[in-house]
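A short write-up of the structure that comes next.
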Protein chains: 2
Amino acid sequence: MTGTDGDSVINTLVDPSLDAATEAVESGFEAERLVTLFGRCTVEYDGRASSTLGLGDRHVMCKPDGSILVHTDESQQPVNWQPPGCTHEAGVAEDRLVLESERSTPDERLVVRFEQIAQVSTFAVEDATELTLDGTEEDLRNRILDDPELVEPGFTPLATERDTAAGAIDIFGEDSDGRTVAVELKRKRVGPDAVGQLGRYVDALRRDLHDDAEIRGILVSPSVTDRAAELLERNGLEFVSAAPRE
Amino acid sequence: MTGTDGDSVINTLVDPSLDAATEAVESGFEAERLVTLFGRCTVEYDGRASSTLGLGDRHVMCKPDGSILVHTDESQQPVNWQPPGCTHEAGVAEDRLVLESERSTPDERLVVRFEQIAQVSTFAVEDATELTLDGTEEDLRNRILDDPELVEPGFTPLATERDTAAGAIDIFGEDSDGRTVAVELKRKRVGPDAVGQLGRYVDALRRDLHDDAEIRGILVSPSVTDRAAELLERNGLEFVSAAPRE
DNA sequence: CTATTAATCTCGAGA
DNA sequence: TCTCGAGGTTAATAG
């Protein structure tokens, strides 16, 4: 097996002694490596909420940015975690490897106690590249700024992220009759919440502009739910179907 | 090293050959084990959105429930993933280990191509216990049902999850004067969205009950933002401060 | 720091 | 299957 010393890309121990495991984790933290453990453990969390998790086999990942993830064999989401910026510590208590992760603002603490450690690995990670993502709300905005007729013939965008007392309007513009138009963009099918958001912007515009001119609110998304459609109708708002791509 | 055969709790290969790695991953999928890989790879995703990720060292976890997670050394969130229910496949193409994860409704596909594989592990996971979590919205609801005076003296809960055309009201009840009260609960400080939600419930009640009786809407949370407070005021809604615990 | 909103949000419940 | 709302949401961005 390669990588039993701390300078290798990988350092892996299978069924390690308590001392060997502790030393591997500590030196992994020290060297700012990605550290993973697999074994039988309990987990306690206290902070914004609090939780306990009884004994079971879990996969624990500690990242050099201070985040920690505890995964079971189910679900995309970790069963417990801490966000980046936490301080990790490894120690031994009552003959068990104990991982502690803490942060402040808010005060939060995660403790993992291993009854049995099946594997410890530490990895040196080199990753220069970044993700490029398409099909976001920003793509939908760019599509509409490129071709405002997707909203309606004669629509003229005047600003993006135009600020109001209720928040920023995605696209602020006017229609062919010179009426003010607030456009709210959503990349996918939306429910009543998005209609409420648009309604608040239109209301804020009416108060901000305090004139009697008609102000239109248009929700642009691939589709809306029935309740959202009702709410649009009742609030005198409009809907235009458009998607971020295709 | 223990666990080089597929029946052990762990099966780990460090710097494996392409064939050995492929065989380990395939037998891990077959045996419904938790499979992890670490190595230099690219990732492509196409589905609800689409993304590409260039070469870099990443940790990949495939769970027996069909989920897959690709982690870099930063961030709590995976850089790419698929939800549970996907079909995993491992294969070799152009001298590289390729993992493919697919699902339908919606059609989504994730492809990981390894240029170099530093480690492959498969784990047999036994985990009978479930997480217990405190400090949730349900805890806040139970607190208030135990002691309705937390809302106000004389408040009487009549139903939880009371259905309206706009959705379910957390706590439906009446005040000491017999007026209908809709209570919306939030476990933490809230913004304008929660006020909109409460407003929709109250409006729906007014339409559903179609009488002229006054209907009160009360938001219960630890605190509200300034804009939320304004919006409450403007919509004739009320706020009571309470938290899920302490 | 706080506030606001997007997200391949995820997840669970209910129809 | 879709819809809806909670979440220790997380993450990014603006103030």
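Residue numbers start at 1 in each chain; chains themselves are named A, B, ... in the order of the structure tokens; ligands are numbered from 1 in the order shown.
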- Message: Please list as a list in words every residue within 6 Å of range 189-194 of chain A, counting only C-alpha atoms (C1' of nucleotides) and excluding residues in the same chain fewer than 3 positions away.
- Response: Gln197, Pro222, Ser223, Val224, Thr225 and Ala228 of chain A
May I have the selected residues written with C-alpha atoms, as a PDB file, in the first residue's frame?
```pdb
ATOM      1  CA  GLN A 197     -42.788  38.296  -4.108  1.00  0.00           C
ATOM      2  CA  PRO A 222     -41.730  27.980 -17.448  1.00  0.00           C
ATOM      3  CA  SER A 223     -45.115  27.511 -15.760  1.00  0.00           C
ATOM      4  CA  VAL A 224     -47.109  28.164 -12.580  1.00  0.00           C
ATOM      5  CA  THR A 225     -49.179  26.008 -10.233  1.00  0.00           C
ATOM      6  CA  ALA A 228     -50.180  30.610  -8.170  1.00  0.00           C
TER       7      ALA A 228
END
```
- Skip DA11 in chain D itself and residues of its chain fewer than 2 positions away, then list as an MDAnalysis selection string all residues within 10 Å of it, counting only C-alpha atoms (C1' of nucleotides). (chainID B and resid 75:77) or (chainID C and resid 6:7) or (chainID D and resid 13)
- Message: Distance limit 6 Å, atoms considered: only C-alpha atoms. Which chain A residues sit that close to chain B? Return them as a list in words.
- Response: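 Residues satisfying the distance criterion: Ala49, Ser50, Ser51, Thr52, Leu53, Gly54, Gly56, Asp57, Lys63, Asp65, Ser67, Asp73, Glu74, Gln76, Pro83, Val125, Glu126, Asp127, Thr129, Leu131, Thr132, Leu133, Asp134 and Gly135 of chain A.
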Kindly export the residues of the current selection with N, CA and C atoms, as an mmCIF file, in the first residue's frame.
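Saved as again_15.cif:
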```
data_model
loop_
_atom_site.group_PDB
_atom_site.id
_atom_site.type_symbol
_atom_site.label_atom_id
_atom_site.label_comp_id
_atom_site.auth_asym_id
_atom_site.auth_seq_id
_atom_site.Cartn_x
_atom_site.Cartn_y
_atom_site.Cartn_z
ATOM 1 N N ALA A 49 -30.277 24.143 16.531
ATOM 2 C CA ALA A 49 -31.202 23.156 17.098
ATOM 3 C C ALA A 49 -30.330 22.201 17.906
ATOM 4 N N SER A 50 -30.816 21.016 18.218
ATOM 5 C CA SER A 50 -29.957 20.019 18.839
ATOM 6 C C SER A 50 -30.436 18.651 18.412
ATOM 7 N N SER A 51 -29.493 17.705 18.367
ATOM 8 C CA SER A 51 -29.865 16.370 17.918
ATOM 9 C C SER A 51 -28.940 15.339 18.535
ATOM 10 N N THR A 52 -29.429 14.116 18.586
ATOM 11 C CA THR A 52 -28.581 12.989 18.969
ATOM 12 C C THR A 52 -28.816 11.861 17.978
ATOM 13 N N LEU A 53 -27.766 11.104 17.769
ATOM 14 C CA LEU A 53 -27.812 9.973 16.845
ATOM 15 C C LEU A 53 -27.107 8.815 17.531
ATOM 16 N N GLY A 54 -27.805 7.697 17.696
ATOM 17 C CA GLY A 54 -27.253 6.527 18.390
ATOM 18 C C GLY A 54 -26.197 5.815 17.564
ATOM 19 N N GLY A 56 -24.102 3.583 15.158
ATOM 20 C CA GLY A 56 -24.296 3.042 13.813
ATOM 21 C C GLY A 56 -23.060 3.295 12.976
ATOM 22 N N ASP A 57 -22.979 2.634 11.822
ATOM 23 C CA ASP A 57 -21.849 2.825 10.913
ATOM 24 C C ASP A 57 -22.066 4.072 10.078
ATOM 25 N N LYS A 63 -13.260 18.490 6.079
ATOM 26 C CA LYS A 63 -12.562 19.231 5.030
ATOM 27 C C LYS A 63 -11.621 20.266 5.642
ATOM 28 N N ASP A 65 -11.402 23.237 5.018
ATOM 29 C CA ASP A 65 -12.029 24.547 5.237
ATOM 30 C C ASP A 65 -12.815 24.587 6.542
ATOM 31 N N SER A 67 -15.305 22.396 7.445
ATOM 32 C CA SER A 67 -16.616 21.752 7.416
ATOM 33 C C SER A 67 -16.471 20.276 7.767
ATOM 34 N N ASP A 73 -25.844 5.504 5.036
ATOM 35 C CA ASP A 73 -25.895 4.880 3.710
ATOM 36 C C ASP A 73 -27.118 5.330 2.920
ATOM 37 N N GLU A 74 -27.876 6.278 3.488
ATOM 38 C CA GLU A 74 -29.068 6.744 2.800
ATOM 39 C C GLU A 74 -29.103 8.257 2.746
ATOM 40 N N GLN A 76 -29.206 11.917 0.231
ATOM 41 C CA GLN A 76 -28.201 12.785 -0.363
ATOM 42 C C GLN A 76 -27.594 13.708 0.693
ATOM 43 N N PRO A 83 -20.804 23.617 9.135
ATOM 44 C CA PRO A 83 -20.422 24.405 7.961
ATOM 45 C C PRO A 83 -18.938 24.743 7.975
ATOM 46 N N VAL A 125 -5.565 17.201 -1.682
ATOM 47 C CA VAL A 125 -6.465 17.520 -2.787
ATOM 48 C C VAL A 125 -5.895 18.660 -3.619
ATOM 49 N N GLU A 126 -5.747 18.403 -4.912
ATOM 50 C CA GLU A 126 -5.370 19.489 -5.827
ATOM 51 C C GLU A 126 -6.489 19.677 -6.832
ATOM 52 N N ASP A 127 -7.041 20.871 -6.835
ATOM 53 C CA ASP A 127 -8.194 21.118 -7.681
ATOM 54 C C ASP A 127 -8.222 22.590 -8.064
ATOM 55 N N THR A 129 -9.760 23.770 -10.946
ATOM 56 C CA THR A 129 -10.878 24.130 -11.837
ATOM 57 C C THR A 129 -12.144 24.456 -11.068
ATOM 58 N N LEU A 131 -16.527 24.988 -11.296
ATOM 59 C CA LEU A 131 -17.724 24.513 -11.985
ATOM 60 C C LEU A 131 -18.307 25.609 -12.870
ATOM 61 N N THR A 132 -18.730 25.217 -14.080
ATOM 62 C CA THR A 132 -19.539 26.132 -14.888
ATOM 63 C C THR A 132 -20.929 25.536 -14.991
ATOM 64 N N LEU A 133 -21.915 26.385 -14.708
ATOM 65 C CA LEU A 133 -23.297 25.919 -14.602
ATOM 66 C C LEU A 133 -24.188 26.708 -15.552
ATOM 67 N N ASP A 134 -25.060 26.013 -16.269
ATOM 68 C CA ASP A 134 -26.028 26.660 -17.161
ATOM 69 C C ASP A 134 -27.445 26.295 -16.752
ATOM 70 N N GLY A 135 -28.370 27.164 -17.158
ATOM 71 C CA GLY A 135 -29.771 26.888 -16.885
ATOM 72 C C GLY A 135 -30.240 27.534 -15.607
#
```
- Any idea which chain C residues end up within 10 Å of chain B if we count only C-alpha atoms (C1' of nucleotides), as a list in words please?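 Output check: DT2, DA3, DT4, DT8 and DT10 of chain C.
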Kindly save the residues from that selection, with C-alpha atoms (C1' of nucleotides) included, as a tab-separated table (two decimals), in the first residue's frame.
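Now in again.tsv:
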```tsv
chain	number	residue	atom	x	y	z
C	2	DT	C1'	-27.57	41.31	8.99
C	3	DA	C1'	-30.93	40.87	5.18
C	4	DT	C1'	-32.51	39.02	1.02
C	8	DT	C1'	-29.75	20.73	-10.23
C	10	DT	C1'	-33.46	18.32	-0.39
```
- Which of range 13-158 of chain A counts as helix (DSSP H, G or I) under DSSP, as a VMD selection string please? chain A and resid 18 to 30 137 to 146 148 to 150
Once you count only C-alpha atoms (C1' of nucleotides), what closest atom pair and distance in Å to one decimal does each residue of chain D within 10 Å of chain A have, with rows by chain and rising residue number, as JSON lines?
```
{"residue": "D:DC2", "atom": "C1'", "partner": "A:Thr225", "partner_atom": "CA", "distance": 9.5}
{"residue": "D:DT3", "atom": "C1'", "partner": "A:Thr225", "partner_atom": "CA", "distance": 7.9}
{"residue": "D:DC4", "atom": "C1'", "partner": "A:Gly191", "partner_atom": "CA", "distance": 8.2}
{"residue": "D:DG8", "atom": "C1'", "partner": "A:Arg48", "partner_atom": "CA", "distance": 5.3}
{"residue": "D:DT10", "atom": "C1'", "partner": "A:Pro83", "partner_atom": "CA", "distance": 8.7}
```
- Task: Find the distance between CA of Cys86 in chain A and CA of Glu138 in chain B and write it in Å to one decimal.
- Result: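 Value for the CA of Cys86 in chain A-CA of Glu138 in chain B distance: 28.2 Å.
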